[in-house]
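To keep things clear, I will list the structure first and then write my remarks on it.
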Amino acid sequence: KTGFQVGLGFGRYISKNMVLNIEFNFASSQYKFTDEIRQPLIDGLSSVSYTEKLFKVEMPVYVAYEFNIKKVNCYVSLGASAAKITGATGQPSRKFHENMQSLSGESTDVSNYRTNMLYSGLAGAGIRYKVPKGVIAVGLRAGFGINNIVASYNNEFIGKFYYQDDDFSLNTYSLTAGYYFSFYKPKKQR
């Protein structure tokens with residue numbers, strides 16, 4: 001499902017074509033699980049679903065390699081990210097036979113059932129275009145979750161909705177757009 005991300009980033013050239021970037025972001029991720037249940041003793045139970053919204057403060061660090069294609073500055077990047085979970089809410093539901101109304105739970109704080117920190121590997125690509133006094137950038141980035149996000153299981157969800165978290169990591173795919181301006185003031189050499 002969709003989410004959002006806002007933040008600030010800083011970059012410094014470490015060689016002619018390589019830039020070290022550090023960002024500080026606030027992000028929201030949203031995801032949904034659906035599972036079909038077929039148990040002969042529970043007549044008519046057809047599916048269980050769970051939707052979760054997760055909020056985090058993250059610090060991606062990555063190196064970008066820049067190259068030009070005609071007048072467009074392109075880049076590819078690799079790096080890593082550490083994120084602190086600041087909140088998580090989940091809403092389970094189960095559906096019986098098609099003719100019956102589904103049982104849906106309230107949106108519940110599930111922060112205690114999630115790990116405090118998330119770690120991800122990053123890969124991305126994008127373009128930067130010079131404009132007066134800055135650069136406009138558009139990029140695609142993939143974050144590949146390294147650690148398990150589940151700290152413990154919610155027994156109420158298990159007993160009432162037949163939903164139990166699988167152990168999973170969080171992968172994200174993002175489209176970013178931004179404006180960069182430079183603090184660098186060149187000096188004429190003699």
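Simple scheme: letters A, B, ... for chains in structure tokens order, numbers from 1 for residues in each chain, numbers from 1 for ligands in the order shown.
Non-sequential neighbours of A:Gly143 (distance at most 7 Å, separation of 6 or more positions within a chain, only C-alpha atoms) are Ser120, Gly121, Leu122, Ala123, Asn171, Thr172 and Tyr173 of chain A.
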Judged by only C-alpha atoms, the minimum distance to A:Ser93 among A:Tyr50, A:Phe26, A:Phe168, A:Tyr180 is found for A:Tyr50
Considering only C-alpha atoms, can you say which of A:Arg141, A:Arg128, A:Lys133, A:Lys71 comes closest to A:Thr176? A:Arg141
Can you list, as a ChimeraX atom specification, all residues belonging to chain A that DSSP tags as strand (DSSP E)? /A:4-13,18-36,47-69,72-95,103-104,108-109,117-131,134-145,172-180
So that I can check the secondary structure, give me every residue of stretch 50-172 of chain A assigned helix (DSSP H, G or I) by backbone DSSP, as JSON, numbers by chain. {"A": [111, 112, 113, 155, 156, 157, 158, 159, 160, 161]}
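Rounded to one decimal, atom CA of A:Ser81 and atom CA of A:Ser15 lie 22.3 Å from each other.
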Which one of A:Leu170, A:Ile37, A:Cys74, A:Met18 sits closest to A:Tyr62 if you count only C-alpha atoms?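 Ranked by minimum distance to A:Tyr62, first place goes to A:Met18.
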Counting only C-alpha atoms, the option among A:Gly178, A:Arg12, A:Ser107, A:Asn25 closest to A:Gly134: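 Nearest candidate to A:Gly134 out of A:Gly178, A:Arg12, A:Ser107, A:Asn25: A:Gly178.
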Interatomic distance (Å, one decimal) between atom CA of A:Met117 and atom CA of A:Ser49: 25.1 Å
Selected residue, from A:Gly3, A:Ala80, A:Val110, A:Ala177, that lies nearest to A:Ile146 when counting only C-alpha atoms: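 Once distances to A:Ile146 are computed over only C-alpha atoms, the minimum belongs to A:Ala80.
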Would you mind listing what lies within 7 Å of A:Thr89 as a list in words, with only C-alpha atoms counted and same-chain residues fewer than 3 positions away left out? Glu52, Lys53, Leu54, Ser107, Thr108, Asp109 and Val110 of chain A
Residues of the last selection are to be written out with all heavy atoms, as a tab-separated table (two decimals), in the first residue's frame.
chain	number	residue	atom	x	y	z
A	52	GLU	N	-1.90	-2.67	8.39
A	52	GLU	CA	-1.07	-1.98	9.39
A	52	GLU	C	-0.48	-0.71	8.80
A	52	GLU	O	-0.11	-0.66	7.63
A	52	GLU	CB	0.05	-2.89	9.88
A	52	GLU	CG	0.91	-2.25	10.96
A	52	GLU	CD	1.80	-3.25	11.66
A	52	GLU	OE1	1.29	-4.31	12.10
A	52	GLU	OE2	3.01	-2.99	11.76
A	53	LYS	N	-0.40	0.32	9.64
A	53	LYS	CA	0.24	1.58	9.28
A	53	LYS	C	1.39	1.78	10.27
A	53	LYS	O	1.19	1.71	11.48
A	53	LYS	CB	-0.76	2.73	9.38
A	53	LYS	CG	-0.31	3.98	8.68
A	53	LYS	CD	-1.35	5.08	8.81
A	53	LYS	CE	-2.42	4.91	7.76
A	53	LYS	NZ	-3.30	6.08	7.66
A	54	LEU	N	2.60	2.00	9.74
A	54	LEU	CA	3.80	2.10	10.56
A	54	LEU	C	4.45	3.46	10.32
A	54	LEU	O	4.56	3.90	9.18
A	54	LEU	CB	4.77	0.98	10.16
A	54	LEU	CG	6.05	0.91	10.94
A	54	LEU	CD1	6.06	-0.38	11.75
A	54	LEU	CD2	7.23	0.92	10.01
A	107	SER	N	-8.96	-0.04	14.98
A	107	SER	CA	-7.55	0.26	14.76
A	107	SER	C	-6.87	0.27	16.13
A	107	SER	O	-7.28	1.00	17.03
A	107	SER	CB	-7.42	1.60	14.07
A	107	SER	OG	-6.08	1.85	13.76
A	108	THR	N	-5.85	-0.56	16.30
A	108	THR	CA	-5.22	-0.79	17.60
A	108	THR	C	-3.74	-0.45	17.55
A	108	THR	O	-3.06	-0.75	16.56
A	108	THR	CB	-5.38	-2.28	17.99
A	108	THR	OG1	-6.77	-2.61	17.96
A	108	THR	CG2	-4.82	-2.57	19.36
A	109	ASP	N	-3.23	0.15	18.62
A	109	ASP	CA	-1.80	0.42	18.72
A	109	ASP	C	-1.06	-0.91	18.85
A	109	ASP	O	-1.30	-1.67	19.79
A	109	ASP	CB	-1.51	1.31	19.92
A	109	ASP	CG	-0.05	1.68	20.06
A	109	ASP	OD1	0.76	1.31	19.19
A	109	ASP	OD2	0.29	2.35	21.06
A	110	VAL	N	-0.18	-1.21	17.90
A	110	VAL	CA	0.58	-2.46	17.92
A	110	VAL	C	2.08	-2.21	18.05
A	110	VAL	O	2.89	-3.09	17.75
A	110	VAL	CB	0.27	-3.33	16.67
A	110	VAL	CG1	-1.17	-3.81	16.69
A	110	VAL	CG2	0.59	-2.60	15.39
Could you tell me which of A:Glu156, A:Ile14, A:Thr86, A:Val138 comes closest to A:Tyr65 if we count only C-alpha atoms? A:Ile14
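Computed from the coordinates, the atom CA of A:Asn112 to atom CA of A:Gln5 distance equals 22.9 Å.
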For A:Thr51: contacts at 10 Å, only C-alpha atoms, fewer than 5 positions along chain excluded, given as JSON, numbers by chain: {"A": [1, 30, 31, 32, 33, 34, 89, 90, 91, 92, 93, 107]}
